[in-house]
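Colleague: I'd like to ask you about the structure that follows.
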Amino acid sequence: MMGQGIRQLFLLLALDIYTQMSVGQEISLKYDLLEQQSRETFVGNVAVDSLLKANVTQEELERMKFQILTQGSKDASYFIIDEKSSTIKTASVLDREVLCEFEVKCVLEFSVAVYKQDQQHSSLDLFKIFAIKVNILDANDNAPTFPQSQVALDVQESVPVDFVLLTSGAVDPDMGINNSIKSYTLKPSNEMFGLKEIKNIDGTTDLGLVVRYKLDRETLDFYQVEIVAKDGGFPQRSGTVMVNITVIDDNDNKPLFSQAKYDASIPENHPVGKNVLTLSAQDLDINENGEFTFAFNSRVPQKIKDKFAVNKTSGEIYTISEIDYEEEDNYQFLVEVQDKGREPKSSTSVVNIIILDVNDNAPQISVNLLPDGTDILESAEVGRYVANFAVSDLDSGPNGEIQCQVLGEFFKIEEIFNNMYKVIIKSPLDYESRHVHNVTIQCQDQGIPQHQNTSSFLINVLDVNDNNPVFLQSIYRATIKENNPPNEVITTVKAVDKDSGLAGKVTYFMHTDGSDSFHVDSTSGVVTVKKSLDREISPVILFHVNASDAGNPQLKSSTLIRLTLEDENDNTPMFKKSHFEFYVLEEQKNLPIVGRLFAEDPDAGPNGQFSFDFASPRYPEFILDYDTGLLKAGMLDRELKTVYNFNVTVTDKGNPPRSSMALVTVHVLDANDNMPRIIYPDNHNNTIKLMYTTPKDSVIARVEADDIDEGNNSVLSFYIHKVEPTKPDLFKMNAETGELMIAKTMHLYDSDSYRLVLGVKNGVFTMFANLNVIITVSNNTVLGAQSPGSGENNIVIVIAIVVVTVILSVAIIAAICIVKYVDRHRQHRKESKAEVRVDLKNPETLVMAGTPQFTDIKRNKKEVSFSLSDEDSMNISSLTNITSFSSYLKNPHSTYSMDGKPLEQGPQACSSILTNSSHHSDFSKDHLTEKNLNTLYHQQTPSPTWLQQLQEKNRRDQALRKAGDDDSEMSAESATSDSGRGGSEEDINSNRGNPMSDTVSGVTTV
């Protein structure tokens, strides 16, 4: 090995010389690398760091190859280099503490050779060699470590305070100020010991435990402290050592006797070598300081040493020669105990031995038995006499005083008189436990030593029948199948009796609770069944078997037999009802639960498990859970079908299976799922007409409606939804009967055409219908509320109206012709003529002229004619004794059909006022004043411009009335209703005298 190393060194030296000669001086590169980095951690790039890359062309650099020189360098194996890029990386994880243990600096050195390829020959030539030095930087990857995890130290209890116990400090392989050990702490602190750091010349640290207080081993002989060493690195690491301190004993305590004086008494015939008493002592010190020996005190006379001796180890004092009471009756002397310490300590005690006179006679016992012998029945009562005996002792005093007893627990003695006793039974005798008793009488005197004597005799116990038979098991368990054949064996019972003879002979018989169904053999105890059993009646049968002996009296006992019957499929599952009735609400979603089918099968196991199914007929509307019997329903419609009847079956899982059937009736309960249907009013019959004088609370119509639901769902309530024009206090409706009534006393201004939207609801749905109510001021024509059965009466009324209209039309035409003829002849005599024409297409225009087109206006009388074209929104007829005002507006509200849907808007009659001269003469042609007009129009619509112009003209005509008072003969002609000659041409144009002026068209719902 050494030769090989020399050769490697020689080659390296030759290479170095060659390098120096060929490439010049070696270039050194230095790097810093933190230890514990992962493998292939980047260290540096030789080409870049040496500026080689900057000093050669790229083409030259590409022809270079880099290599770590491993020969002669122990550190080269720790690194690898990329031969093209010259990047140096670690070959493994570097541990500074392994590479440079206990060294302040850790530098790894190796060389990198650079080879350059020749362009012509493609051969490599050494170009340069770089010396690489990698300084391995320390990381705090080691915790301070003590040489041992536990240290044991000993300290004399006599050491002074501030005494120091030395132990080794911790070692941290890491280097540097921060990574090395920074501090030591002691746990627990502020107690018996303190901590002191002692720096050594070699840089290591010893630790000193400083005794802070006086030690006392007898108080506490052991201490345990923990020293923690911490470094200054990040993260901070620490190490601990447990120091066990044992306090070493000093001989600072002397041994002490347990007694200051020992007293003992021995008889004069005490055997030689026998112990008299034992000395005892205690020393709180340990080891040799606590070990001690016993001995006579140096002042003890020889005569005592001739009679007694002391065992120096055990402290026993024993005799070494005969003791004679007559020679000496008392011995008193000193003994001492001394420890084995370097400086022995000792103490003394007094021993006093009294010699007693010897008792050398034992008591004498004389026993007298019964003449019948010593046989006693085991049933003999406690306290019965057995024998008697007398006792005597030749000694006197305490040595002659005698005490006697019977050994054992079954007998005792009672004193008859002095030294005469009898033996009696103390505890009950048991033949089965013990047949013979050895009765031993023991008597002893009170002498010293005490003498005793014994005497014995035998007692024979005779058996009696005092034990019941006992079964080997308190309960016998057996299992058979139901429907068993008779005489099948169930089990075998056995009982034993401890008595002897006939008293121990056992026979078996059935208890009354099982005698009907079971039998037991009196000798063998075999239990059989008499008849077939049914598990469904009783799955578990409990009964008793008795046992008795042949003794006198006869004794008995019993045991329980638990018989379990295994099931057979001998029962059919049955529904709890033959007919199930359920009720379910119609129109429910999510499969509502209809009910549950219940069945039962007294069998057990699979024989008692069953499932449900549909039988004929099957309805797809229902779903049955085969396991639970839960019946659910799909979507049902009571209006289509109210009751479902079908059969269901229940089948068990036995082999073979059994099944039964039941009828199921499902009643479909009504849900409020239908809208009410309004019969009246309808689209063809929806108008009624009445006078404003109709009394309050009068029934003017009755809404007829129905609902195909049943019960409370078909109960309808009626109400008024809307009134147009709005007069909420004019009508009221009975919510239960649907009667529409007048809610208040009506006045003339209540006369109008009203559209009522009537509602009918059933709690969920609401339907609406329109009813037109026309309140008039004339009684010429009254249209009552139509009902479906009034068609023929309406036809008669219509025919009558047509006939009357034709007659009146002819009369009016004739009257008009006469009036026109008369008017032409008197127009030249009139001082002023005027006619007011109102064109509702242009209501702001008022035209007055003195032409024949206007009606004569005489004093105190005047005619007013209103004409409207078809396009006007209001039609005002002539104000005669039969005056008609009709107005038509577009209905601003929606109209509801019979199904509650809004219809297209159309014209509706909004108001109608019919007057008659016989009832309201204030509105006649001759009496129509400005006040009358204002009142009339105030009831209908706001005053238009033409009405204001008319009022202005009336004021101008006041003067003309005064001038025309003398022409009274013309007044009769100016009122067509009074003269009967008909109206003028203007009258005809303005519908004056129209016989249908008090007829209002019905309201049509589109």
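We label chains A, B, ... in the order they appear in the structure tokens, count residues from 1 in each chain, and number ligands from 1 in the order shown.
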Could you tell me, as a PyMOL selection string, which residues of range 29-184 of chain A DSSP assigns to helix (DSSP H, G or I) when given the backbone?

Modeller: chain A and resi 46-49+52-55+58-62+76-78+96-99

Colleague: Using C-alpha atoms, can you write the selected residues to a file as an mmCIF file, in the first residue's frame?

Modeller:
data_model
loop_
_atom_site.group_PDB
_atom_site.id
_atom_site.type_symbol
_atom_site.label_atom_id
_atom_site.label_comp_id
_atom_site.auth_asym_id
_atom_site.auth_seq_id
_atom_site.Cartn_x
_atom_site.Cartn_y
_atom_site.Cartn_z
ATOM 1 C CA VAL A 46 -14.802 26.575 -14.233
ATOM 2 C CA ALA A 47 -14.928 28.203 -17.680
ATOM 3 C CA VAL A 48 -16.928 31.149 -16.420
ATOM 4 C CA ASP A 49 -15.339 31.614 -13.027
ATOM 5 C CA LEU A 52 -11.558 31.102 -19.655
ATOM 6 C CA LYS A 53 -14.770 31.492 -21.541
ATOM 7 C CA ALA A 54 -14.150 35.179 -21.961
ATOM 8 C CA ASN A 55 -10.606 34.687 -23.292
ATOM 9 C CA GLN A 58 -16.760 29.891 -28.806
ATOM 10 C CA GLU A 59 -15.287 27.490 -31.355
ATOM 11 C CA GLU A 60 -12.262 26.911 -29.154
ATOM 12 C CA LEU A 61 -14.457 26.487 -26.092
ATOM 13 C CA GLU A 62 -16.494 23.826 -27.849
ATOM 14 C CA ALA A 76 -12.115 14.652 -5.905
ATOM 15 C CA SER A 77 -14.662 11.848 -5.419
ATOM 16 C CA TYR A 78 -17.075 14.234 -3.716
ATOM 17 C CA ARG A 96 -18.929 18.813 7.236
ATOM 18 C CA GLU A 97 -18.729 16.989 10.547
ATOM 19 C CA VAL A 98 -17.760 13.775 8.760
ATOM 20 C CA LEU A 99 -15.361 15.382 6.327
#

Colleague: Range 527-605 of chain A: which residues are strand (DSSP E or B) by DSSP, as JSON, numbers by chain?

Modeller: {"A": [527, 528, 529, 540, 541, 542, 543, 544, 545, 546, 547, 548, 556, 557, 558, 559, 560, 561, 562, 563, 564, 565, 566, 574, 575, 579, 580, 581, 582, 583, 584, 585, 593, 594, 595, 596, 599, 600]}

Colleague: Go ahead and dump the residues you just picked, N, CA and C atoms, as an mmCIF file, in the first residue's frame.

Modeller:
data_model
loop_
_atom_site.group_PDB
_atom_site.id
_atom_site.type_symbol
_atom_site.label_atom_id
_atom_site.label_comp_id
_atom_site.auth_asym_id
_atom_site.auth_seq_id
_atom_site.Cartn_x
_atom_site.Cartn_y
_atom_site.Cartn_z
ATOM 1 N N VAL A 527 -87.133 -37.841 29.943
ATOM 2 C CA VAL A 527 -88.362 -37.057 29.816
ATOM 3 C C VAL A 527 -88.845 -37.173 28.381
ATOM 4 N N THR A 528 -90.108 -37.546 28.185
ATOM 5 C CA THR A 528 -90.717 -37.672 26.854
ATOM 6 C C THR A 528 -91.961 -36.809 26.803
ATOM 7 N N VAL A 529 -92.430 -36.583 25.554
ATOM 8 C CA VAL A 529 -93.620 -35.778 25.337
ATOM 9 C C VAL A 529 -94.779 -36.722 25.032
ATOM 10 N N VAL A 540 -92.247 -21.571 23.625
ATOM 11 C CA VAL A 540 -91.354 -22.066 24.673
ATOM 12 C C VAL A 540 -92.219 -22.589 25.806
ATOM 13 N N ILE A 541 -91.959 -23.810 26.236
ATOM 14 C CA ILE A 541 -92.741 -24.433 27.302
ATOM 15 C C ILE A 541 -91.815 -24.640 28.493
ATOM 16 N N LEU A 542 -92.241 -24.140 29.620
ATOM 17 C CA LEU A 542 -91.503 -24.315 30.868
ATOM 18 C C LEU A 542 -92.293 -25.245 31.778
ATOM 19 N N PHE A 543 -91.648 -26.273 32.281
ATOM 20 C CA PHE A 543 -92.303 -27.181 33.226
ATOM 21 C C PHE A 543 -91.223 -27.760 34.146
ATOM 22 N N HIS A 544 -91.649 -28.406 35.203
ATOM 23 C CA HIS A 544 -90.742 -28.909 36.223
ATOM 24 C C HIS A 544 -90.820 -30.432 36.314
ATOM 25 N N VAL A 545 -89.674 -31.020 36.666
ATOM 26 C CA VAL A 545 -89.585 -32.441 36.998
ATOM 27 C C VAL A 545 -89.123 -32.543 38.446
ATOM 28 N N ASN A 546 -89.796 -33.354 39.227
ATOM 29 C CA ASN A 546 -89.477 -33.509 40.644
ATOM 30 C C ASN A 546 -88.654 -34.769 40.868
ATOM 31 N N ALA A 547 -87.868 -34.722 41.961
ATOM 32 C CA ALA A 547 -87.116 -35.896 42.420
ATOM 33 C C ALA A 547 -87.342 -36.050 43.917
ATOM 34 N N SER A 548 -87.459 -37.281 44.380
ATOM 35 C CA SER A 548 -87.661 -37.529 45.818
ATOM 36 C C SER A 548 -86.830 -38.739 46.240
ATOM 37 N N LYS A 556 -87.924 -33.847 48.770
ATOM 38 C CA LYS A 556 -88.108 -33.639 47.332
ATOM 39 C C LYS A 556 -87.341 -32.394 46.858
ATOM 40 N N SER A 557 -87.151 -32.365 45.534
ATOM 41 C CA SER A 557 -86.618 -31.166 44.874
ATOM 42 C C SER A 557 -87.102 -31.181 43.425
ATOM 43 N N SER A 558 -86.894 -30.098 42.723
ATOM 44 C CA SER A 558 -87.370 -30.011 41.336
ATOM 45 C C SER A 558 -86.355 -29.242 40.486
ATOM 46 N N THR A 559 -86.458 -29.460 39.181
ATOM 47 C CA THR A 559 -85.643 -28.713 38.228
ATOM 48 C C THR A 559 -86.553 -28.207 37.116
ATOM 49 N N LEU A 560 -86.106 -27.162 36.466
ATOM 50 C CA LEU A 560 -86.889 -26.534 35.398
ATOM 51 C C LEU A 560 -86.407 -27.057 34.049
ATOM 52 N N ILE A 561 -87.351 -27.382 33.194
ATOM 53 C CA ILE A 561 -87.037 -27.767 31.816
ATOM 54 C C ILE A 561 -87.597 -26.692 30.899
ATOM 55 N N ARG A 562 -86.728 -26.164 30.058
ATOM 56 C CA ARG A 562 -87.142 -25.145 29.080
ATOM 57 C C ARG A 562 -87.118 -25.806 27.702
ATOM 58 N N LEU A 563 -88.294 -26.043 27.169
ATOM 59 C CA LEU A 563 -88.438 -26.724 25.884
ATOM 60 C C LEU A 563 -88.767 -25.691 24.809
ATOM 61 N N THR A 564 -87.920 -25.599 23.809
ATOM 62 C CA THR A 564 -88.129 -24.673 22.691
ATOM 63 C C THR A 564 -88.615 -25.466 21.489
ATOM 64 N N LEU A 565 -89.720 -24.997 20.887
ATOM 65 C CA LEU A 565 -90.304 -25.662 19.736
ATOM 66 C C LEU A 565 -89.836 -24.976 18.468
ATOM 67 N N GLU A 566 -89.262 -25.762 17.554
ATOM 68 C CA GLU A 566 -88.862 -25.221 16.257
ATOM 69 C C GLU A 566 -90.072 -25.154 15.339
ATOM 70 N N MET A 574 -102.543 -14.340 7.651
ATOM 71 C CA MET A 574 -103.900 -13.802 7.577
ATOM 72 C C MET A 574 -103.879 -12.290 7.739
ATOM 73 N N PHE A 575 -104.698 -11.633 6.909
ATOM 74 C CA PHE A 575 -104.884 -10.202 7.098
ATOM 75 C C PHE A 575 -105.607 -9.950 8.416
ATOM 76 N N HIS A 579 -111.587 -6.962 5.143
ATOM 77 C CA HIS A 579 -111.945 -5.836 4.267
ATOM 78 C C HIS A 579 -111.270 -4.575 4.807
ATOM 79 N N PHE A 580 -110.367 -3.996 4.016
ATOM 80 C CA PHE A 580 -109.693 -2.751 4.389
ATOM 81 C C PHE A 580 -110.373 -1.598 3.647
ATOM 82 N N GLU A 581 -110.708 -0.575 4.389
ATOM 83 C CA GLU A 581 -111.278 0.619 3.774
ATOM 84 C C GLU A 581 -110.332 1.790 4.019
ATOM 85 N N PHE A 582 -109.976 2.487 2.926
ATOM 86 C CA PHE A 582 -109.080 3.629 3.012
ATOM 87 C C PHE A 582 -109.736 4.835 2.343
ATOM 88 N N TYR A 583 -109.264 5.973 2.707
ATOM 89 C CA TYR A 583 -109.743 7.224 2.135
ATOM 90 C C TYR A 583 -108.534 8.039 1.703
ATOM 91 N N VAL A 584 -108.614 8.553 0.489
ATOM 92 C CA VAL A 584 -107.492 9.326 -0.040
ATOM 93 C C VAL A 584 -108.037 10.517 -0.811
ATOM 94 N N LEU A 585 -107.341 11.605 -0.716
ATOM 95 C CA LEU A 585 -107.762 12.836 -1.380
ATOM 96 C C LEU A 585 -107.358 12.782 -2.854
ATOM 97 N N ILE A 593 -99.641 8.377 0.368
ATOM 98 C CA ILE A 593 -99.902 7.118 1.062
ATOM 99 C C ILE A 593 -101.399 6.974 1.278
ATOM 100 N N VAL A 594 -101.944 5.848 0.812
ATOM 101 C CA VAL A 594 -103.373 5.570 1.005
ATOM 102 C C VAL A 594 -103.581 4.915 2.365
ATOM 103 N N GLY A 595 -102.771 3.966 2.695
ATOM 104 C CA GLY A 595 -102.899 3.258 3.962
ATOM 105 C C GLY A 595 -101.910 2.110 3.998
ATOM 106 N N ARG A 596 -102.014 1.300 5.021
ATOM 107 C CA ARG A 596 -101.119 0.162 5.181
ATOM 108 C C ARG A 596 -101.939 -1.095 5.449
ATOM 109 N N ALA A 599 -101.011 -7.753 8.262
ATOM 110 C CA ALA A 599 -101.248 -9.191 8.305
ATOM 111 C C ALA A 599 -100.355 -9.782 9.371
ATOM 112 N N GLU A 600 -100.648 -11.018 9.740
ATOM 113 C CA GLU A 600 -99.840 -11.687 10.751
ATOM 114 C C GLU A 600 -99.769 -13.172 10.433
#

Colleague: Please determine, counting only C-alpha atoms, which residue among A:Ala550, A:Leu369, A:Ala264, A:Leu356 has the shortest atom-to-atom distance to Ile317 in chain A.

Modeller: A:Ala264

Colleague: Might you pull out every residue within 6 Å of range 431-448 of chain A, with only C-alpha atoms counted and same-chain residues fewer than 3 positions away left off, and present them as a ChimeraX atom specification?

Modeller: /A:358-359,378,398-407,451-461,463

Colleague: Mind checking which residues fall within 9 Å of Lys531 in chain A, counting only C-alpha atoms, ignoring those fewer than 5 positions away in the same chain, and posting them as a CSV table (one decimal) with N, CA and C atoms, in the first residue's frame?

Modeller:
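result-v7.csv, written as the output of this step:
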chain,number,residue,atom,x,y,z
A,483,ASN,N,-95.4,-30.1,16.1
A,483,ASN,CA,-96.1,-31.2,15.4
A,483,ASN,C,-95.4,-32.5,15.6
A,484,ASN,N,-94.7,-32.7,16.7
A,484,ASN,CA,-93.9,-33.9,16.9
A,484,ASN,C,-94.8,-35.1,17.2
A,485,PRO,N,-94.2,-36.3,16.9
A,485,PRO,CA,-95.0,-37.5,17.3
A,485,PRO,C,-95.0,-37.7,18.8
A,486,PRO,N,-96.0,-38.4,19.4
A,486,PRO,CA,-96.0,-38.7,20.8
A,486,PRO,C,-94.8,-39.6,21.2
A,487,ASN,N,-94.5,-39.5,22.5
A,487,ASN,CA,-93.4,-40.3,23.1
A,487,ASN,C,-92.0,-39.9,22.6
A,488,GLU,N,-91.8,-38.8,22.0
A,488,GLU,CA,-90.5,-38.3,21.6
A,488,GLU,C,-89.7,-37.9,22.8
A,516,ASP,N,-99.6,-33.0,32.1
A,516,ASP,CA,-100.6,-33.3,31.0
A,516,ASP,C,-99.9,-33.6,29.7
A,517,SER,N,-98.7,-33.0,29.5
A,517,SER,CA,-98.1,-33.1,28.2
A,517,SER,C,-96.8,-33.9,28.2
A,518,PHE,N,-96.2,-34.1,29.4
A,518,PHE,CA,-94.9,-34.8,29.4
A,518,PHE,C,-94.9,-35.9,30.4

Colleague: Would you list the contacts of range 759-761 of chain A as a list of chain:residue names, taking every protein, DNA or RNA residue within 6 Å and counting only C-alpha atoms, but skipping same-chain residues closer than 6 positions in sequence?

Modeller: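 Listing them by chain and then by number gives A:Leu716, A:Ser717, A:Phe718, A:Tyr719, A:Ile720, A:His721, A:Met767, A:Phe768.
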
Colleague: Can you tell me which residues surround range 616-630 of chain A at a distance of at most 6 Å, considering only C-alpha atoms, apart from same-chain residues fewer than 6 positions away, and format the answer as an NGL selection string?

Modeller: :A and (596-597 or 646-647)

Colleague: Produce a file of the selected residues containing all heavy atoms, as a short mmCIF file (atom, residue, chain, number, x, y, z; two decimals), in the first residue's frame.

Modeller:
data_model
loop_
_atom_site.label_atom_id
_atom_site.label_comp_id
_atom_site.auth_asym_id
_atom_site.auth_seq_id
_atom_site.Cartn_x
_atom_site.Cartn_y
_atom_site.Cartn_z
N ARG A 596 -102.01 1.30 5.02
CA ARG A 596 -101.12 0.16 5.18
C ARG A 596 -101.94 -1.09 5.45
O ARG A 596 -102.89 -1.07 6.24
CB ARG A 596 -100.14 0.40 6.33
CG ARG A 596 -99.06 -0.67 6.44
CD ARG A 596 -98.21 -0.45 7.66
NE ARG A 596 -97.43 0.76 7.59
CZ ARG A 596 -96.25 0.87 7.00
NH1 ARG A 596 -95.73 -0.19 6.43
NH2 ARG A 596 -95.61 2.01 6.99
N LEU A 597 -101.57 -2.15 4.76
CA LEU A 597 -102.20 -3.44 4.97
C LEU A 597 -101.46 -4.16 6.10
O LEU A 597 -100.23 -4.16 6.14
CB LEU A 597 -102.13 -4.28 3.70
CG LEU A 597 -102.76 -3.65 2.44
CD1 LEU A 597 -102.56 -4.56 1.26
CD2 LEU A 597 -104.24 -3.36 2.63
N PHE A 646 -110.60 -3.73 -4.93
CA PHE A 646 -109.71 -4.72 -5.51
C PHE A 646 -109.23 -5.64 -4.39
O PHE A 646 -109.37 -5.33 -3.20
CB PHE A 646 -108.51 -4.07 -6.20
CG PHE A 646 -107.77 -3.08 -5.36
CD1 PHE A 646 -106.74 -3.49 -4.52
CD2 PHE A 646 -108.11 -1.73 -5.40
CE1 PHE A 646 -106.05 -2.58 -3.76
CE2 PHE A 646 -107.42 -0.83 -4.62
CZ PHE A 646 -106.39 -1.25 -3.81
N ASN A 647 -108.71 -6.79 -4.80
CA ASN A 647 -108.25 -7.80 -3.85
C ASN A 647 -106.73 -7.75 -3.72
O ASN A 647 -106.03 -7.43 -4.68
CB ASN A 647 -108.68 -9.20 -4.30
CG ASN A 647 -110.19 -9.37 -4.23
OD1 ASN A 647 -110.82 -8.94 -3.28
ND2 ASN A 647 -110.77 -10.00 -5.25
#
